[in-house]
Amino acid sequence: MTQHQKGGAMTVEIKARRILIIGGGFSGMTAALEFARAGDAVEIVEIDPDWRSYGAGISLHGATLRVMQRIGIYDAYLAVGAVTDGVDMRSPLDDRVVLSMPTPNVGPGLAGGGAVMRPVLAGLLRDAVRKTGIPVRLGESFRSIEDGPDVVRVTFSDGSVGGYDLVVGADGLYSATRRAVFPEAPTPRFIGQAVWRAVVALPAGIERPTMWISGKLKAGLNLVSRDEAYLFVTENRPSNAFVDPGTFVSALRELLTAFPSPILSQVREELGDHSQIVYRPLEQLLLPRPWYRGRVVLIGDAVHATTPHLAAGACIGVEDAVVLAESLAKTPDLQKALGMFEARRWERCRRVVEDSGRLGEIEINGGDQREHAQIMTSALHALVEPI
């Protein structure tokens, strides 16, 4: 650390840190880009040798677009994804719009929200990481993490060893980093609901996120490009038991029979093996504070996995990356920086996880739709606030 006098004020120059990120998903890649921009020596270790991203579409809050703009991929996103404003609720019988909720503006030139195919968004981030020259160890993980007073010693799955100033666990809901460093941590909790997702041709008249509720089922469509949308359907489930992929098409078609909606009826008829159907039981996790131990910190789904009811899981994950990088840039004291990071993120992430869970409870129990709309509106506005 060195100090400089500038304009009468003392500034601190922080020595570049060596940082390892475990996990090459959305949060991990965003963190790598932010650390590299700050001048840190960062590398990623990713267990998938092909560095793939699975799934159908992903809805994005406007605050996620704000992070894309910051890290320089927003213009590229506009060429391959969709941006929208507002959310419509339609009648499950005849598609009448029964409620329209505006999405608040998050900044100049940014829409209130959007959606894109998950592999497409991952590709944009991978391209940015490669362009920056950040080293990525593919097909590897770690055997052990030994935290010391001055360095974290990581033994990788290939037997090699590295020393780091900081290790960032960004390895998702079933984080191996969390299990290794926080063995007492809670495990993900199944909420009693599951979501089906599929890619469909964009129906005429769908110009922004649209949802239908029929009993205890919720269906929705969101644009992912100029001519495609992704369909999602949530249903109550007694357990998170395995569902045979060979039954996906027939099962999703059967669920959609609960919606006489002409739009959804058309979507139902067009479903087939080409629809890239994905089924996922919904689980959530909020790790109690602290989110760091020594020189190891968790971000993204590794520490606050949320259900998709607010379309904010990716949002709070990539925001973690931004705030962690900003905190590290403010002080050479690593523990102080990690404390600053956690203090800035706790309440925002807690609210997303708990509000999303409450929306799920209302849907599971057939609860008050006014409360459902109030929670959605309030949370969407809260996410516009600066991070």
# chains A, B, ... in the order shown; residues from 1 in each chain; ligands from 1

call {"tool": "closest_atom_pairs", "arguments": {"of": "stretch 182-214 of chain A", "to": "stretch 59-77 of chain A", "cutoff": "12 Å", "atoms": "only C-alpha atoms", "output": "Markdown table"}}
result
| residue | atom | partner | partner_atom | distance |
| --- | --- | --- | --- | --- |
| A:Arg197 | CA | A:Ser59 | CA | 11.5 |
| A:Arg208 | CA | A:Ser59 | CA | 10.9 |
| A:Pro209 | CA | A:Ser59 | CA | 8.6 |
| A:Thr210 | CA | A:Ser59 | CA | 11.5 |

call {"tool": "write_last_selection", "arguments": {"atoms": "C-alpha atoms", "output": "short mmCIF file (atom, residue, chain, number, x, y, z; two decimals), in the first residue's frame"}}
result
data_model
loop_
_atom_site.label_atom_id
_atom_site.label_comp_id
_atom_site.auth_asym_id
_atom_site.auth_seq_id
_atom_site.Cartn_x
_atom_site.Cartn_y
_atom_site.Cartn_z
CA ARG A 197 -39.80 -23.52 -19.19
CA ARG A 208 -43.86 -7.49 -22.96
CA PRO A 209 -43.87 -9.94 -20.04
CA THR A 210 -47.37 -11.39 -19.71
#

call {"tool": "closest_atom_pairs", "arguments": {"of": "stretch 57-142 of chain A", "to": "stretch 221-239 of chain A", "cutoff": "6 Å", "atoms": "only C-alpha atoms", "output": "tab-separated table"}}
result
residue	atom	partner	partner_atom	distance
A:Gly57	CA	A:Tyr230	CA	5.5
A:Gly81	CA	A:Ser225	CA	4.9
A:Ala82	CA	A:Ser225	CA	5.1
A:Ala115	CA	A:Val224	CA	4.9
A:Val116	CA	A:Val224	CA	4.2

call {"tool": "atom_distance", "arguments": {"atom1": "atom CA of A:Thr30", "atom2": "atom CA of A:Asp147"}}
result
24.1 Å

call {"tool": "residues_around", "arguments": {"residues": "A:Ala170", "least_positions_apart": "4", "cutoff": "9 Å", "atoms": "only C-alpha atoms", "output": "ChimeraX atom specification"}}
result
/A:21-29,31,175,177,297-303,317

call {"tool": "select_by_dssp", "arguments": {"residues": "stretch 56-258 of chain A", "states": "helix (DSSP H, G or I)", "output": "PDB file with C-alpha atoms, in the first residue's frame"}}
result
ATOM      1  CA  GLY A  62     -33.765  -3.454 -15.481  1.00  0.00           C
ATOM      2  CA  ALA A  63     -31.103  -3.379 -12.765  1.00  0.00           C
ATOM      3  CA  THR A  64     -29.445  -6.337 -14.520  1.00  0.00           C
ATOM      4  CA  LEU A  65     -29.326  -4.311 -17.731  1.00  0.00           C
ATOM      5  CA  ARG A  66     -27.668  -1.544 -15.714  1.00  0.00           C
ATOM      6  CA  VAL A  67     -24.843  -3.925 -14.776  1.00  0.00           C
ATOM      7  CA  MET A  68     -24.544  -5.054 -18.418  1.00  0.00           C
ATOM      8  CA  GLN A  69     -24.103  -1.431 -19.405  1.00  0.00           C
ATOM      9  CA  ARG A  70     -21.408  -1.003 -16.765  1.00  0.00           C
ATOM     10  CA  ILE A  71     -19.361  -4.018 -17.894  1.00  0.00           C
ATOM     11  CA  TYR A  74     -25.262  -4.044 -23.198  1.00  0.00           C
ATOM     12  CA  ASP A  75     -24.960  -3.057 -26.861  1.00  0.00           C
ATOM     13  CA  ALA A  76     -24.119  -6.647 -27.784  1.00  0.00           C
ATOM     14  CA  TYR A  77     -27.094  -7.802 -25.696  1.00  0.00           C
ATOM     15  CA  LEU A  78     -29.476  -5.558 -27.647  1.00  0.00           C
ATOM     16  CA  ALA A  79     -28.551  -7.440 -30.827  1.00  0.00           C
ATOM     17  CA  VAL A  80     -29.500 -10.859 -29.432  1.00  0.00           C
ATOM     18  CA  ARG A 118     -29.529 -18.306 -20.883  1.00  0.00           C
ATOM     19  CA  PRO A 119     -26.840 -19.739 -23.199  1.00  0.00           C
ATOM     20  CA  VAL A 120     -26.879 -16.516 -25.217  1.00  0.00           C
ATOM     21  CA  LEU A 121     -26.253 -14.334 -22.157  1.00  0.00           C
ATOM     22  CA  ALA A 122     -23.532 -16.707 -20.978  1.00  0.00           C
ATOM     23  CA  GLY A 123     -21.926 -16.439 -24.405  1.00  0.00           C
ATOM     24  CA  LEU A 124     -21.796 -12.634 -24.194  1.00  0.00           C
ATOM     25  CA  LEU A 125     -20.052 -12.839 -20.835  1.00  0.00           C
ATOM     26  CA  ARG A 126     -17.649 -15.570 -21.980  1.00  0.00           C
ATOM     27  CA  ASP A 127     -16.667 -13.449 -24.993  1.00  0.00           C
ATOM     28  CA  ALA A 128     -15.971 -10.475 -22.720  1.00  0.00           C
ATOM     29  CA  VAL A 129     -13.857 -12.617 -20.367  1.00  0.00           C
ATOM     30  CA  ARG A 130     -11.842 -14.053 -23.264  1.00  0.00           C
ATOM     31  CA  LYS A 131     -11.355 -10.610 -24.797  1.00  0.00           C
ATOM     32  CA  THR A 132     -10.015  -9.330 -21.488  1.00  0.00           C
ATOM     33  CA  ALA A 176     -18.765 -26.803  -3.202  1.00  0.00           C
ATOM     34  CA  THR A 177     -17.045 -23.709  -1.826  1.00  0.00           C
ATOM     35  CA  ARG A 178     -19.884 -23.166   0.637  1.00  0.00           C
ATOM     36  CA  ARG A 179     -19.704 -26.773   1.814  1.00  0.00           C
ATOM     37  CA  ALA A 180     -15.940 -26.565   2.267  1.00  0.00           C
ATOM     38  CA  VAL A 181     -15.749 -23.207   4.047  1.00  0.00           C
ATOM     39  CA  PRO A 245     -37.679 -35.902 -19.581  1.00  0.00           C
ATOM     40  CA  GLY A 246     -39.529 -38.261 -21.914  1.00  0.00           C
ATOM     41  CA  THR A 247     -42.769 -36.990 -20.357  1.00  0.00           C
ATOM     42  CA  PHE A 248     -41.976 -33.271 -20.584  1.00  0.00           C
ATOM     43  CA  VAL A 249     -44.015 -32.430 -23.692  1.00  0.00           C
ATOM     44  CA  SER A 250     -47.162 -34.272 -22.601  1.00  0.00           C
ATOM     45  CA  ALA A 251     -46.913 -33.015 -19.006  1.00  0.00           C
ATOM     46  CA  LEU A 252     -46.551 -29.365 -20.031  1.00  0.00           C
ATOM     47  CA  ARG A 253     -49.375 -29.662 -22.541  1.00  0.00           C
ATOM     48  CA  GLU A 254     -51.603 -31.117 -19.829  1.00  0.00           C
ATOM     49  CA  LEU A 255     -50.843 -28.229 -17.463  1.00  0.00           C
ATOM     50  CA  LEU A 256     -51.765 -25.698 -20.132  1.00  0.00           C
TER      51      LEU A 256
END

call {"tool": "closest_atom_pairs", "arguments": {"of": "stretch 150-225 of chain A", "to": "stretch 259-268 of chain A", "cutoff": "10 Å", "atoms": "only C-alpha atoms", "output": "Markdown table"}}
result
| residue | atom | partner | partner_atom | distance |
| --- | --- | --- | --- | --- |
| A:Val199 | CA | A:Val267 | CA | 9.9 |
| A:Val200 | CA | A:Val267 | CA | 7.0 |
| A:Ala201 | CA | A:Val267 | CA | 7.9 |
| A:Leu202 | CA | A:Val267 | CA | 9.0 |
| A:Pro203 | CA | A:Ile263 | CA | 6.9 |
| A:Ala204 | CA | A:Ile263 | CA | 8.3 |
| A:Gly205 | CA | A:Ile263 | CA | 8.9 |
| A:Ile206 | CA | A:Ile263 | CA | 9.0 |
| A:Trp212 | CA | A:Phe259 | CA | 8.0 |
| A:Ile213 | CA | A:Phe259 | CA | 8.3 |
| A:Ser214 | CA | A:Phe259 | CA | 6.5 |
| A:Gly215 | CA | A:Phe259 | CA | 9.7 |
| A:Leu217 | CA | A:Phe259 | CA | 9.1 |
| A:Lys218 | CA | A:Phe259 | CA | 9.4 |
| A:Ala219 | CA | A:Leu264 | CA | 8.5 |
| A:Gly220 | CA | A:Leu264 | CA | 9.0 |
| A:Leu221 | CA | A:Leu264 | CA | 9.1 |

call {"tool": "atom_distance", "arguments": {"atom1": "atom CA of A:Ala38", "atom2": "atom CA of A:Lys336"}}
result
17.8 Å

call {"tool": "residues_around", "arguments": {"residues": "A:His372", "least_positions_apart": "2", "cutoff": "10 Å", "atoms": "only C-alpha atoms", "output": "PDB file with N, CA and C atoms, in the first residue's frame"}}
result
ATOM      1  N   ASP A 355     -39.117 -11.976  -0.411  1.00  0.00           N
ATOM      2  CA  ASP A 355     -40.289 -11.556  -1.179  1.00  0.00           C
ATOM      3  C   ASP A 355     -40.626 -12.575  -2.269  1.00  0.00           C
ATOM      4  N   SER A 356     -39.612 -13.120  -2.923  1.00  0.00           N
ATOM      5  CA  SER A 356     -39.860 -14.156  -3.924  1.00  0.00           C
ATOM      6  C   SER A 356     -40.510 -15.373  -3.287  1.00  0.00           C
ATOM      7  N   ARG A 358     -42.333 -15.393  -0.594  1.00  0.00           N
ATOM      8  CA  ARG A 358     -43.708 -15.060  -0.218  1.00  0.00           C
ATOM      9  C   ARG A 358     -44.624 -15.129  -1.438  1.00  0.00           C
ATOM     10  N   LEU A 359     -44.163 -14.662  -2.583  1.00  0.00           N
ATOM     11  CA  LEU A 359     -44.972 -14.773  -3.800  1.00  0.00           C
ATOM     12  C   LEU A 359     -45.273 -16.239  -4.101  1.00  0.00           C
ATOM     13  N   GLY A 360     -44.280 -17.095  -3.907  1.00  0.00           N
ATOM     14  CA  GLY A 360     -44.501 -18.516  -4.107  1.00  0.00           C
ATOM     15  C   GLY A 360     -45.547 -19.065  -3.146  1.00  0.00           C
ATOM     16  N   GLU A 361     -45.485 -18.652  -1.876  1.00  0.00           N
ATOM     17  CA  GLU A 361     -46.466 -19.109  -0.895  1.00  0.00           C
ATOM     18  C   GLU A 361     -47.885 -18.699  -1.288  1.00  0.00           C
ATOM     19  N   ILE A 362     -48.042 -17.466  -1.761  1.00  0.00           N
ATOM     20  CA  ILE A 362     -49.365 -16.998  -2.172  1.00  0.00           C
ATOM     21  C   ILE A 362     -49.895 -17.852  -3.324  1.00  0.00           C
ATOM     22  N   GLU A 363     -49.011 -18.161  -4.270  1.00  0.00           N
ATOM     23  CA  GLU A 363     -49.443 -18.972  -5.412  1.00  0.00           C
ATOM     24  C   GLU A 363     -49.761 -20.401  -4.985  1.00  0.00           C
ATOM     25  N   GLY A 367     -53.568 -17.649  -2.444  1.00  0.00           N
ATOM     26  CA  GLY A 367     -53.758 -16.495  -1.566  1.00  0.00           C
ATOM     27  C   GLY A 367     -54.219 -15.230  -2.262  1.00  0.00           C
ATOM     28  N   ASP A 368     -54.083 -14.128  -1.544  1.00  0.00           N
ATOM     29  CA  ASP A 368     -54.598 -12.823  -1.967  1.00  0.00           C
ATOM     30  C   ASP A 368     -53.795 -12.285  -3.153  1.00  0.00           C
ATOM     31  N   GLN A 369     -54.453 -12.134  -4.294  1.00  0.00           N
ATOM     32  CA  GLN A 369     -53.758 -11.635  -5.479  1.00  0.00           C
ATOM     33  C   GLN A 369     -53.391 -10.157  -5.355  1.00  0.00           C
ATOM     34  N   ARG A 370     -54.119  -9.422  -4.514  1.00  0.00           N
ATOM     35  CA  ARG A 370     -53.737  -8.029  -4.290  1.00  0.00           C
ATOM     36  C   ARG A 370     -52.395  -7.947  -3.560  1.00  0.00           C
ATOM     37  N   GLN A 374     -49.000  -6.236  -4.932  1.00  0.00           N
ATOM     38  CA  GLN A 374     -48.324  -5.216  -4.130  1.00  0.00           C
ATOM     39  C   GLN A 374     -46.866  -5.566  -3.881  1.00  0.00           C
ATOM     40  N   ILE A 375     -46.610  -6.849  -3.581  1.00  0.00           N
ATOM     41  CA  ILE A 375     -45.225  -7.278  -3.344  1.00  0.00           C
ATOM     42  C   ILE A 375     -44.403  -7.116  -4.616  1.00  0.00           C
ATOM     43  N   MET A 376     -44.951  -7.553  -5.748  1.00  0.00           N
ATOM     44  CA  MET A 376     -44.225  -7.424  -7.004  1.00  0.00           C
ATOM     45  C   MET A 376     -43.901  -5.975  -7.320  1.00  0.00           C
ATOM     46  N   THR A 377     -44.893  -5.098  -7.198  1.00  0.00           N
ATOM     47  CA  THR A 377     -44.692  -3.686  -7.524  1.00  0.00           C
ATOM     48  C   THR A 377     -43.652  -3.055  -6.605  1.00  0.00           C
TER      49      THR A 377
END

call {"tool": "select_by_dssp", "arguments": {"residues": "stretch 169-351 of chain A", "states": "strand (DSSP E)", "output": "PyMOL selection string"}}
result
chain A and resi 169+189-201+210-214+217-223+228-236+278-286+292-293+296-298+304-305

call {"tool": "closest_residue", "arguments": {"among": "A:Val167, A:Pro188, A:Glu46, A:Asn240", "to": "A:Val152", "atoms": "only C-alpha atoms"}}
result
A:Val167

call {"tool": "closest_residue", "arguments": {"among": "A:Arg289, A:His309, A:Arg17, A:Arg295", "to": "A:Trp346", "atoms": "only C-alpha atoms"}}
result
A:Arg289

call {"tool": "residues_around", "arguments": {"residues": "A:Arg18", "least_positions_apart": "6", "cutoff": "6 Å", "atoms": "only C-alpha atoms", "output": "PyMOL selection string"}}
result
chain A and resi 41-42+164-165

call {"tool": "residues_around", "arguments": {"residues": "A:Phe242", "least_positions_apart": "4", "cutoff": "10 Å", "atoms": "only C-alpha atoms", "output": "ChimeraX atom specification"}}
result
/A:279-281

call {"tool": "write_last_selection", "arguments": {"atoms": "N, CA and C atoms", "output": "compact mmCIF listing (two decimals), in the first residue's frame"}}
result
# COMPACT_ATOMS: atom_id res chain seq x y z
N TYR A 279 -37.46 -28.57 -16.84
CA TYR A 279 -38.24 -28.67 -15.60
C TYR A 279 -37.31 -28.48 -14.42
N ARG A 280 -37.73 -27.65 -13.45
CA ARG A 280 -36.86 -27.44 -12.28
C ARG A 280 -37.69 -27.24 -11.02
N PRO A 281 -37.49 -28.09 -10.01
CA PRO A 281 -38.09 -27.80 -8.70
C PRO A 281 -37.49 -26.51 -8.15

call {"tool": "closest_residue", "arguments": {"among": "A:Ile44, A:Ala198, A:Ile387, A:Ala311", "to": "A:Glu326", "atoms": "only C-alpha atoms"}}
result
A:Ile387

call {"tool": "atom_distance", "arguments": {"atom1": "atom CA of A:Leu287", "atom2": "atom CA of A:Leu324"}}
result
16.9 Å

call {"tool": "residues_around", "arguments": {"residues": "A:Ser141", "least_positions_apart": "4", "cutoff": "6 Å", "atoms": "only C-alpha atoms", "output": "PyMOL selection string"}}
result
chain A and resi 47+156-157

call {"tool": "closest_residue", "arguments": {"among": "A:Ala194, A:Val243, A:Met89, A:Val154", "to": "A:Leu166", "atoms": "only C-alpha atoms"}}
result
A:Val154
